[in-house]
>>> print(open('work.cif').read())   # mmCIF, N, CA, C and O atoms
data_structure
#
loop_
_atom_site.label_atom_id
_atom_site.label_comp_id
_atom_site.auth_asym_id
_atom_site.auth_seq_id
_atom_site.Cartn_x
_atom_site.Cartn_y
_atom_site.Cartn_z
N MET A 10 8.31 13.41 -14.00
CA MET A 10 9.19 14.05 -13.06
C MET A 10 10.61 13.55 -13.31
O MET A 10 10.82 12.37 -13.58
N ARG A 11 11.56 14.44 -13.20
CA ARG A 11 12.96 14.07 -13.38
C ARG A 11 13.66 14.20 -12.04
O ARG A 11 13.56 15.21 -11.37
N ILE A 12 14.35 13.15 -11.63
CA ILE A 12 15.09 13.15 -10.36
C ILE A 12 16.57 13.01 -10.69
O ILE A 12 16.95 12.14 -11.49
N ALA A 13 17.39 13.85 -10.10
CA ALA A 13 18.82 13.81 -10.34
C ALA A 13 19.40 12.46 -9.92
O ALA A 13 19.04 11.92 -8.89
N ILE A 14 20.27 11.94 -10.75
CA ILE A 14 20.98 10.70 -10.42
C ILE A 14 22.39 11.10 -10.05
O ILE A 14 23.14 11.62 -10.88
N GLU A 15 22.75 10.85 -8.79
CA GLU A 15 24.07 11.26 -8.32
C GLU A 15 24.58 10.28 -7.28
O GLU A 15 23.87 9.36 -6.90
N GLY A 16 25.80 10.46 -6.86
CA GLY A 16 26.39 9.62 -5.82
C GLY A 16 26.62 8.20 -6.29
O GLY A 16 26.96 7.95 -7.44
N GLU A 17 26.42 7.24 -5.37
CA GLU A 17 26.69 5.84 -5.67
C GLU A 17 25.82 5.30 -6.80
O GLU A 17 26.28 4.48 -7.60
N LEU A 18 24.57 5.76 -6.88
CA LEU A 18 23.69 5.30 -7.96
C LEU A 18 24.26 5.73 -9.31
O LEU A 18 24.28 4.94 -10.26
N ALA A 19 24.77 6.94 -9.40
CA ALA A 19 25.38 7.41 -10.65
C ALA A 19 26.59 6.54 -11.00
O ALA A 19 26.80 6.21 -12.18
N ASP A 20 27.37 6.16 -10.00
CA ASP A 20 28.53 5.30 -10.24
C ASP A 20 28.11 3.93 -10.77
O ASP A 20 28.72 3.40 -11.71
N VAL A 21 27.07 3.35 -10.19
CA VAL A 21 26.58 2.04 -10.63
C VAL A 21 26.09 2.12 -12.08
O VAL A 21 26.43 1.28 -12.91
N ILE A 22 25.33 3.15 -12.38
CA ILE A 22 24.81 3.31 -13.74
C ILE A 22 25.94 3.51 -14.73
O ILE A 22 25.93 2.94 -15.83
N ALA A 23 26.95 4.28 -14.36
CA ALA A 23 28.10 4.49 -15.24
C ALA A 23 28.80 3.17 -15.53
O ALA A 23 29.22 2.91 -16.67
N ARG A 24 28.96 2.32 -14.51
CA ARG A 24 29.61 1.01 -14.72
C ARG A 24 28.79 0.13 -15.66
O ARG A 24 29.33 -0.55 -16.52
N ILE A 25 27.46 0.17 -15.49
CA ILE A 25 26.59 -0.64 -16.36
C ILE A 25 26.68 -0.13 -17.79
O ILE A 25 26.82 -0.91 -18.73
N MET A 26 26.64 1.17 -17.98
CA MET A 26 26.65 1.74 -19.32
C MET A 26 28.00 1.56 -20.02
O MET A 26 28.08 1.59 -21.24
N ALA A 27 29.06 1.37 -19.25
CA ALA A 27 30.39 1.18 -19.83
C ALA A 27 30.58 -0.23 -20.38
O ALA A 27 31.53 -0.48 -21.13
N LYS A 28 29.69 -1.15 -20.05
CA LYS A 28 29.81 -2.53 -20.54
C LYS A 28 29.51 -2.58 -22.04
O LYS A 28 28.69 -1.83 -22.54
N PRO A 29 30.16 -3.50 -22.75
CA PRO A 29 29.89 -3.63 -24.19
C PRO A 29 28.42 -4.01 -24.42
O PRO A 29 27.89 -4.91 -23.78
N ARG A 30 27.78 -3.32 -25.33
CA ARG A 30 26.35 -3.55 -25.59
C ARG A 30 26.07 -4.96 -26.11
O ARG A 30 25.04 -5.53 -25.82
N ASP A 31 26.96 -5.49 -26.90
CA ASP A 31 26.67 -6.77 -27.53
C ASP A 31 26.86 -7.97 -26.61
O ASP A 31 26.46 -9.07 -26.93
N ARG A 32 27.45 -7.77 -25.44
CA ARG A 32 27.74 -8.91 -24.57
C ARG A 32 26.96 -8.90 -23.25
O ARG A 32 26.76 -9.94 -22.65
N VAL A 33 26.58 -7.73 -22.76
CA VAL A 33 26.08 -7.65 -21.40
C VAL A 33 24.74 -6.91 -21.35
O VAL A 33 24.55 -5.91 -22.03
N ASN A 34 23.85 -7.42 -20.52
CA ASN A 34 22.57 -6.77 -20.28
C ASN A 34 22.83 -5.46 -19.53
O ASN A 34 23.55 -5.43 -18.54
N LYS A 35 22.24 -4.37 -19.96
CA LYS A 35 22.45 -3.08 -19.32
C LYS A 35 21.33 -2.71 -18.35
O LYS A 35 21.25 -1.57 -17.92
N ALA A 36 20.49 -3.66 -17.99
CA ALA A 36 19.42 -3.38 -17.03
C ALA A 36 20.02 -3.02 -15.67
O ALA A 36 21.01 -3.60 -15.24
N LEU A 37 19.43 -2.06 -15.00
CA LEU A 37 19.92 -1.64 -13.69
C LEU A 37 19.74 -2.75 -12.66
O LEU A 37 20.62 -2.99 -11.84
N LEU A 38 18.61 -3.42 -12.70
CA LEU A 38 18.33 -4.51 -11.76
C LEU A 38 18.54 -5.83 -12.47
O LEU A 38 17.82 -6.17 -13.39
N GLN A 39 19.56 -6.57 -12.00
CA GLN A 39 19.93 -7.83 -12.64
C GLN A 39 19.99 -8.96 -11.62
O GLN A 39 20.24 -8.72 -10.44
N ASP A 40 19.78 -10.17 -12.10
CA ASP A 40 19.94 -11.34 -11.25
C ASP A 40 21.44 -11.71 -11.20
O ASP A 40 22.25 -11.09 -11.90
N PRO A 41 21.80 -12.72 -10.41
CA PRO A 41 23.22 -13.08 -10.32
C PRO A 41 23.85 -13.50 -11.66
O PRO A 41 25.07 -13.43 -11.82
N ASP A 42 23.04 -13.91 -12.63
CA ASP A 42 23.55 -14.30 -13.94
C ASP A 42 23.64 -13.13 -14.92
O ASP A 42 23.94 -13.31 -16.09
N GLY A 43 23.32 -11.92 -14.44
CA GLY A 43 23.39 -10.73 -15.30
C GLY A 43 22.18 -10.52 -16.18
O GLY A 43 22.19 -9.71 -17.09
N GLN A 44 21.09 -11.25 -15.90
CA GLN A 44 19.87 -11.08 -16.68
C GLN A 44 18.96 -10.06 -16.00
O GLN A 44 18.98 -9.88 -14.79
N ARG A 45 18.14 -9.39 -16.80
CA ARG A 45 17.21 -8.39 -16.28
C ARG A 45 16.36 -9.02 -15.18
O ARG A 45 15.84 -10.13 -15.33
N LEU A 46 16.23 -8.32 -14.07
CA LEU A 46 15.43 -8.82 -12.95
C LEU A 46 13.96 -8.50 -13.25
O LEU A 46 13.58 -7.35 -13.39
N THR A 47 13.14 -9.54 -13.35
CA THR A 47 11.73 -9.36 -13.67
C THR A 47 10.97 -8.87 -12.43
O THR A 47 11.44 -9.00 -11.30
N TYR A 48 9.77 -8.34 -12.66
CA TYR A 48 8.97 -7.89 -11.53
C TYR A 48 8.69 -9.03 -10.55
O TYR A 48 8.86 -8.85 -9.34
N PRO A 49 8.25 -10.22 -11.02
CA PRO A 49 8.01 -11.30 -10.05
C PRO A 49 9.25 -11.68 -9.24
O PRO A 49 9.16 -11.95 -8.05
N ALA A 50 10.42 -11.67 -9.88
CA ALA A 50 11.65 -11.99 -9.16
C ALA A 50 11.97 -10.91 -8.12
O ALA A 50 12.36 -11.22 -6.99
N MET A 51 11.78 -9.65 -8.50
CA MET A 51 12.04 -8.56 -7.56
C MET A 51 11.04 -8.63 -6.40
O MET A 51 11.41 -8.47 -5.24
N ARG A 52 9.80 -8.91 -6.72
CA ARG A 52 8.75 -9.01 -5.70
C ARG A 52 9.07 -10.15 -4.72
O ARG A 52 8.93 -10.01 -3.50
N SER A 53 9.52 -11.26 -5.24
CA SER A 53 9.88 -12.41 -4.41
C SER A 53 11.02 -12.05 -3.45
O SER A 53 10.98 -12.37 -2.26
N ARG A 54 12.03 -11.36 -3.97
CA ARG A 54 13.15 -10.95 -3.12
C ARG A 54 12.71 -9.96 -2.05
O ARG A 54 13.15 -10.02 -0.91
N PHE A 55 11.85 -9.02 -2.45
CA PHE A 55 11.34 -8.04 -1.50
C PHE A 55 10.55 -8.73 -0.38
O PHE A 55 10.75 -8.46 0.79
N ASP A 56 9.66 -9.65 -0.77
CA ASP A 56 8.86 -10.37 0.23
C ASP A 56 9.74 -11.18 1.18
O ASP A 56 9.50 -11.21 2.39
N LYS A 57 10.76 -11.82 0.63
CA LYS A 57 11.67 -12.62 1.46
C LYS A 57 12.42 -11.72 2.44
O LYS A 57 12.55 -12.04 3.62
N ALA A 58 12.93 -10.60 1.96
CA ALA A 58 13.67 -9.67 2.83
C ALA A 58 12.76 -9.12 3.92
O ALA A 58 13.16 -9.00 5.08
N ARG A 59 11.53 -8.79 3.55
CA ARG A 59 10.57 -8.27 4.53
C ARG A 59 10.28 -9.32 5.59
O ARG A 59 10.27 -9.02 6.78
N GLU A 60 10.08 -10.55 5.17
CA GLU A 60 9.78 -11.63 6.10
C GLU A 60 10.96 -11.87 7.05
O GLU A 60 10.79 -12.00 8.27
N GLU A 61 12.17 -11.93 6.50
CA GLU A 61 13.35 -12.18 7.32
C GLU A 61 13.66 -11.03 8.28
O GLU A 61 14.21 -11.24 9.35
N SER A 62 13.28 -9.81 7.89
CA SER A 62 13.55 -8.65 8.75
C SER A 62 12.56 -8.54 9.90
O SER A 62 12.84 -7.90 10.91
N GLY A 63 11.38 -9.14 9.73
CA GLY A 63 10.35 -9.04 10.75
C GLY A 63 9.62 -7.70 10.73
O GLY A 63 8.84 -7.40 11.62
N VAL A 64 9.86 -6.91 9.70
CA VAL A 64 9.21 -5.60 9.56
C VAL A 64 8.13 -5.72 8.50
O VAL A 64 8.38 -6.20 7.40
N ASN A 65 6.93 -5.28 8.83
CA ASN A 65 5.82 -5.39 7.90
C ASN A 65 5.61 -4.07 7.18
O ASN A 65 5.17 -3.09 7.77
N PHE A 66 5.96 -4.03 5.89
CA PHE A 66 5.73 -2.84 5.07
C PHE A 66 5.54 -3.27 3.63
O PHE A 66 5.81 -4.40 3.27
N GLN A 67 5.06 -2.32 2.80
CA GLN A 67 4.80 -2.59 1.39
C GLN A 67 5.66 -1.65 0.54
O GLN A 67 6.19 -0.66 1.03
N PHE A 68 5.75 -1.94 -0.76
CA PHE A 68 6.48 -1.07 -1.67
C PHE A 68 6.00 0.38 -1.52
O PHE A 68 6.79 1.30 -1.48
N ARG A 69 4.69 0.56 -1.46
CA ARG A 69 4.14 1.92 -1.41
C ARG A 69 4.55 2.67 -0.15
O ARG A 69 4.53 3.89 -0.12
N ASP A 70 4.92 1.96 0.92
CA ASP A 70 5.37 2.62 2.14
C ASP A 70 6.70 3.33 1.93
O ASP A 70 7.04 4.26 2.68
N LEU A 71 7.45 2.93 0.91
CA LEU A 71 8.73 3.58 0.63
C LEU A 71 8.53 5.03 0.21
O LEU A 71 9.37 5.89 0.45
N ARG A 72 7.39 5.33 -0.37
CA ARG A 72 7.06 6.70 -0.77
C ARG A 72 6.94 7.60 0.47
O ARG A 72 7.52 8.68 0.53
N ALA A 73 6.20 7.13 1.45
CA ALA A 73 6.06 7.90 2.69
C ALA A 73 7.39 8.00 3.40
O ALA A 73 7.72 9.04 3.99
N LYS A 74 8.18 6.95 3.36
CA LYS A 74 9.50 6.96 3.98
C LYS A 74 10.39 8.03 3.35
O LYS A 74 11.07 8.78 4.05
N ALA A 75 10.36 8.14 2.03
CA ALA A 75 11.15 9.16 1.35
C ALA A 75 10.72 10.55 1.78
O ALA A 75 11.56 11.41 2.08
N ALA A 76 9.42 10.79 1.86
CA ALA A 76 8.92 12.11 2.26
C ALA A 76 9.29 12.42 3.70
O ALA A 76 9.63 13.55 4.05
N THR A 77 9.24 11.42 4.55
CA THR A 77 9.55 11.61 5.97
C THR A 77 11.02 11.91 6.20
O THR A 77 11.37 12.70 7.06
N ASP A 78 11.88 11.31 5.41
CA ASP A 78 13.32 11.47 5.61
C ASP A 78 13.87 12.80 5.11
O ASP A 78 15.02 13.13 5.37
N ILE A 79 13.08 13.54 4.38
CA ILE A 79 13.52 14.84 3.87
C ILE A 79 13.13 15.90 4.90
O ILE A 79 11.98 16.00 5.31
N ASN A 80 14.10 16.69 5.33
CA ASN A 80 13.83 17.72 6.34
C ASN A 80 13.08 18.92 5.79
O ASN A 80 12.56 19.72 6.54
N ASP A 81 13.01 19.05 4.48
CA ASP A 81 12.36 20.19 3.84
C ASP A 81 11.06 19.72 3.20
O ASP A 81 11.07 18.99 2.21
N LEU A 82 9.93 20.14 3.76
CA LEU A 82 8.64 19.69 3.25
C LEU A 82 8.42 20.13 1.80
O LEU A 82 7.82 19.42 1.00
N GLY A 83 8.95 21.31 1.43
CA GLY A 83 8.84 21.77 0.05
C GLY A 83 9.56 20.85 -0.92
O GLY A 83 9.07 20.56 -2.01
N HIS A 84 10.75 20.38 -0.51
CA HIS A 84 11.52 19.44 -1.34
C HIS A 84 10.75 18.12 -1.44
O HIS A 84 10.66 17.53 -2.52
N ALA A 85 10.21 17.66 -0.33
CA ALA A 85 9.42 16.41 -0.34
C ALA A 85 8.23 16.55 -1.28
O ALA A 85 7.91 15.63 -2.03
N GLN A 86 7.58 17.70 -1.25
CA GLN A 86 6.44 17.95 -2.12
C GLN A 86 6.84 17.82 -3.59
O GLN A 86 6.15 17.18 -4.38
N LYS A 87 7.98 18.41 -3.95
CA LYS A 87 8.46 18.31 -5.35
C LYS A 87 8.82 16.87 -5.70
O LYS A 87 8.49 16.38 -6.78
N LEU A 88 9.51 16.17 -4.79
CA LEU A 88 9.93 14.80 -5.04
C LEU A 88 8.72 13.88 -5.26
O LEU A 88 8.73 13.02 -6.14
N LEU A 89 7.67 14.08 -4.48
CA LEU A 89 6.49 13.23 -4.61
C LEU A 89 5.53 13.71 -5.71
O LEU A 89 4.59 13.01 -6.05
N GLY A 90 5.78 14.91 -6.25
CA GLY A 90 4.95 15.42 -7.35
C GLY A 90 3.59 15.92 -6.91
O GLY A 90 2.64 15.90 -7.69
N HIS A 91 3.48 16.37 -5.68
CA HIS A 91 2.20 16.88 -5.17
C HIS A 91 2.01 18.34 -5.56
O HIS A 91 2.94 19.13 -5.51
N LYS A 92 0.77 18.69 -5.88
CA LYS A 92 0.47 20.07 -6.24
C LYS A 92 0.33 20.95 -5.01
O LYS A 92 0.59 22.15 -5.07
N ASN A 93 -0.13 20.37 -3.90
CA ASN A 93 -0.25 21.20 -2.71
C ASN A 93 0.42 20.56 -1.51
O ASN A 93 0.56 19.35 -1.41
N ARG A 94 0.82 21.41 -0.61
CA ARG A 94 1.59 21.02 0.57
C ARG A 94 0.80 20.08 1.49
O ARG A 94 1.36 19.17 2.10
N ALA A 95 -0.51 20.30 1.58
CA ALA A 95 -1.34 19.49 2.47
C ALA A 95 -1.28 18.01 2.10
O ALA A 95 -1.28 17.14 2.97
N THR A 96 -1.22 17.72 0.80
CA THR A 96 -1.14 16.33 0.37
C THR A 96 0.17 15.71 0.84
O THR A 96 0.20 14.57 1.31
N THR A 97 1.25 16.46 0.73
CA THR A 97 2.56 15.97 1.16
C THR A 97 2.56 15.71 2.66
O THR A 97 3.13 14.73 3.13
N GLU A 98 1.90 16.57 3.41
CA GLU A 98 1.85 16.40 4.86
C GLU A 98 1.17 15.09 5.25
O GLU A 98 1.49 14.49 6.27
N ILE A 99 0.26 14.60 4.41
CA ILE A 99 -0.40 13.32 4.67
C ILE A 99 0.63 12.18 4.60
O ILE A 99 0.57 11.22 5.36
N TYR A 100 1.57 12.29 3.67
CA TYR A 100 2.57 11.24 3.46
C TYR A 100 3.67 11.25 4.50
O TYR A 100 4.33 10.24 4.70
N THR A 101 3.94 12.38 5.11
CA THR A 101 5.04 12.43 6.07
C THR A 101 4.62 11.80 7.38
O THR A 101 3.47 11.84 7.78
N ARG A 102 5.56 11.20 8.05
CA ARG A 102 5.31 10.52 9.32
C ARG A 102 6.14 11.20 10.40
O ARG A 102 7.17 11.82 10.12
N ASN A 103 5.71 11.08 11.61
CA ASN A 103 6.51 11.59 12.72
C ASN A 103 7.79 10.77 12.81
O ASN A 103 7.76 9.55 12.81
N ARG A 104 8.89 11.46 12.88
CA ARG A 104 10.18 10.77 12.99
C ARG A 104 10.35 10.25 14.41
O ARG A 104 10.11 10.96 15.36
N ILE A 105 10.78 9.02 14.53
CA ILE A 105 11.00 8.42 15.84
C ILE A 105 12.44 7.95 15.89
O ILE A 105 12.87 7.16 15.05
N GLY A 106 13.18 8.42 16.87
CA GLY A 106 14.55 7.95 17.06
C GLY A 106 15.56 8.66 16.18
O GLY A 106 15.23 9.49 15.35
N GLU A 107 16.79 8.27 16.38
CA GLU A 107 17.92 8.85 15.67
C GLU A 107 18.08 8.18 14.31
O GLU A 107 17.86 6.98 14.16
N VAL A 108 18.45 8.94 13.31
CA VAL A 108 18.72 8.39 11.98
C VAL A 108 20.15 7.86 11.98
O VAL A 108 21.09 8.55 12.36
N VAL A 109 20.32 6.59 11.59
CA VAL A 109 21.64 5.98 11.54
C VAL A 109 21.89 5.45 10.13
O VAL A 109 20.95 5.19 9.39
N LYS A 110 23.15 5.30 9.78
CA LYS A 110 23.51 4.79 8.45
C LYS A 110 23.36 3.27 8.44
O LYS A 110 23.68 2.61 9.42
N PRO A 111 22.90 2.70 7.32
CA PRO A 111 22.79 1.24 7.21
C PRO A 111 24.16 0.62 7.06
O PRO A 111 25.14 1.30 6.75
N LEU A 112 24.23 -0.67 7.27
CA LEU A 112 25.47 -1.42 7.05
C LEU A 112 25.71 -1.53 5.56
O LEU A 112 24.78 -1.57 4.76
N SER A 113 26.95 -1.58 5.18
CA SER A 113 27.28 -1.81 3.78
C SER A 113 28.27 -2.96 3.73
O SER A 113 28.86 -3.33 4.74
N LYS A 114 28.45 -3.51 2.56
CA LYS A 114 29.38 -4.63 2.40
C LYS A 114 30.81 -4.21 2.68
O LYS A 114 31.65 -5.02 2.98
N ARG A 115 31.09 -2.93 2.60
CA ARG A 115 32.44 -2.43 2.83
C ARG A 115 32.77 -2.32 4.32
O ARG A 115 33.90 -2.22 4.68
N ASN A 116 31.77 -2.30 5.20
CA ASN A 116 32.04 -2.15 6.65
C ASN A 116 32.46 -3.44 7.27
O ASN A 116 32.09 -4.48 7.04
#
>>> encode(input="work.cif", output="structure tokens")
Amino acid sequence: MRIAIEGELADVIARIMAKPRDRVNKALLQDPDGQRLTYPAMRSRFDKAREESGVNFQFRDLRAKAATDINDLGHAQKLLGHKNRATTEIYTRNRIGEVVKPLSKRN
């Protein structure tokens, strides 16, 4: 499946790709030293963030979250790669509350 890369993610990727190949790691996920972020390191950070937030969820829950946040079930079906709509409906959750923007470092 191909997903369009646009917005801030496209900007980040463009900045990474503009770096000289011979000097800098071009991995999208990097540690503070600019080295490729390994799966165990990413997992450790995810677990720490989850623990500090007090919210209990897993990586796989992000899939259902993506489907739930899309107002168009057909679009969600394409994004998740489901062949039939009924499968996508299993992944969607009832929305509770108002959707708000997260904090960013710029705020």
>>> residues_around(input="work.cif", residues="range 65-72 of chain A", least_positions_apart="6", cutoff="8 Å", atoms="all atoms listed in the file", output="list in words")
Phe55, Asp56, Arg59, Asp78, Ala85, Leu88, Leu89, Thr97, Tyr100 and Thr101 of chain A
>>> atom_distance(input="work.cif", atom1="atom O of Ala19 in chain A", atom2="atom N of Leu38 in chain A")
12.7 Å
>>> closest_residue(input="work.cif", among="A:Ala50, A:Glu61, A:Gln39, A:Arg102", to="Lys74 in chain A", atoms="only C-alpha atoms")
A:Arg102
>>> atom_distance(input="work.cif", atom1="CA of Asp31 in chain A", atom2="atom O of Arg45 in chain A")
16.7 Å
>>> axis_aligned_box(input="work.cif", around="range 33-47 of chain A", padding_each_side="4 Å", output="AutoDock Vina command-line options")
--center_x 18.8 --center_y -7.9 --center_z -16.5 --size_x 23.6 --size_y 20.7 --size_z 20.4
>>> atom_distance(input="work.cif", atom1="atom O of Leu18 in chain A", atom2="CA of Leu46 in chain A")
16.6 Å
>>> residues_around(input="work.cif", residues="Gly43 in chain A", least_positions_apart="3", cutoff="12 Å", atoms="only C-alpha atoms", output="mmCIF file with N, CA, C and O atoms, in the coordinates of the input")
data_model
loop_
_atom_site.group_PDB
_atom_site.id
_atom_site.type_symbol
_atom_site.label_atom_id
_atom_site.label_comp_id
_atom_site.auth_asym_id
_atom_site.auth_seq_id
_atom_site.Cartn_x
_atom_site.Cartn_y
_atom_site.Cartn_z
ATOM 1 N N ILE A 25 27.460 0.170 -15.490
ATOM 2 C CA ILE A 25 26.590 -0.640 -16.360
ATOM 3 C C ILE A 25 26.680 -0.130 -17.790
ATOM 4 O O ILE A 25 26.820 -0.910 -18.730
ATOM 5 N N LYS A 28 29.690 -1.150 -20.050
ATOM 6 C CA LYS A 28 29.810 -2.530 -20.540
ATOM 7 C C LYS A 28 29.510 -2.580 -22.040
ATOM 8 O O LYS A 28 28.690 -1.830 -22.540
ATOM 9 N N ARG A 32 27.450 -7.770 -25.440
ATOM 10 C CA ARG A 32 27.740 -8.910 -24.570
ATOM 11 C C ARG A 32 26.960 -8.900 -23.250
ATOM 12 O O ARG A 32 26.760 -9.940 -22.650
ATOM 13 N N VAL A 33 26.580 -7.730 -22.760
ATOM 14 C CA VAL A 33 26.080 -7.650 -21.400
ATOM 15 C C VAL A 33 24.740 -6.910 -21.350
ATOM 16 O O VAL A 33 24.550 -5.910 -22.030
ATOM 17 N N ASN A 34 23.850 -7.420 -20.520
ATOM 18 C CA ASN A 34 22.570 -6.770 -20.280
ATOM 19 C C ASN A 34 22.830 -5.460 -19.530
ATOM 20 O O ASN A 34 23.550 -5.430 -18.540
ATOM 21 N N LYS A 35 22.240 -4.370 -19.960
ATOM 22 C CA LYS A 35 22.450 -3.080 -19.320
ATOM 23 C C LYS A 35 21.330 -2.710 -18.350
ATOM 24 O O LYS A 35 21.250 -1.570 -17.920
ATOM 25 N N ALA A 36 20.490 -3.660 -17.990
ATOM 26 C CA ALA A 36 19.420 -3.380 -17.030
ATOM 27 C C ALA A 36 20.020 -3.020 -15.670
ATOM 28 O O ALA A 36 21.010 -3.600 -15.240
ATOM 29 N N LEU A 37 19.430 -2.060 -15.000
ATOM 30 C CA LEU A 37 19.920 -1.640 -13.690
ATOM 31 C C LEU A 37 19.740 -2.750 -12.660
ATOM 32 O O LEU A 37 20.620 -2.990 -11.840
ATOM 33 N N LEU A 38 18.610 -3.420 -12.700
ATOM 34 C CA LEU A 38 18.330 -4.510 -11.760
ATOM 35 C C LEU A 38 18.540 -5.830 -12.470
ATOM 36 O O LEU A 38 17.820 -6.170 -13.390
ATOM 37 N N GLN A 39 19.560 -6.570 -12.000
ATOM 38 C CA GLN A 39 19.930 -7.830 -12.640
ATOM 39 C C GLN A 39 19.990 -8.960 -11.620
ATOM 40 O O GLN A 39 20.240 -8.720 -10.440
ATOM 41 N N ASP A 40 19.780 -10.170 -12.100
ATOM 42 C CA ASP A 40 19.940 -11.340 -11.250
ATOM 43 C C ASP A 40 21.440 -11.710 -11.200
ATOM 44 O O ASP A 40 22.250 -11.090 -11.900
ATOM 45 N N LEU A 46 16.230 -8.320 -14.070
ATOM 46 C CA LEU A 46 15.430 -8.820 -12.950
ATOM 47 C C LEU A 46 13.960 -8.500 -13.250
ATOM 48 O O LEU A 46 13.580 -7.350 -13.390
ATOM 49 N N THR A 47 13.140 -9.540 -13.350
ATOM 50 C CA THR A 47 11.730 -9.360 -13.670
ATOM 51 C C THR A 47 10.970 -8.870 -12.430
ATOM 52 O O THR A 47 11.440 -9.000 -11.300
#
>>> select_by_dssp(input="work.cif", residues="range 28-102 of chain A", states="helix (DSSP H, G or I)", output="number ranges by chain")
A: 48-62, 70-78, 82-89, 94-100
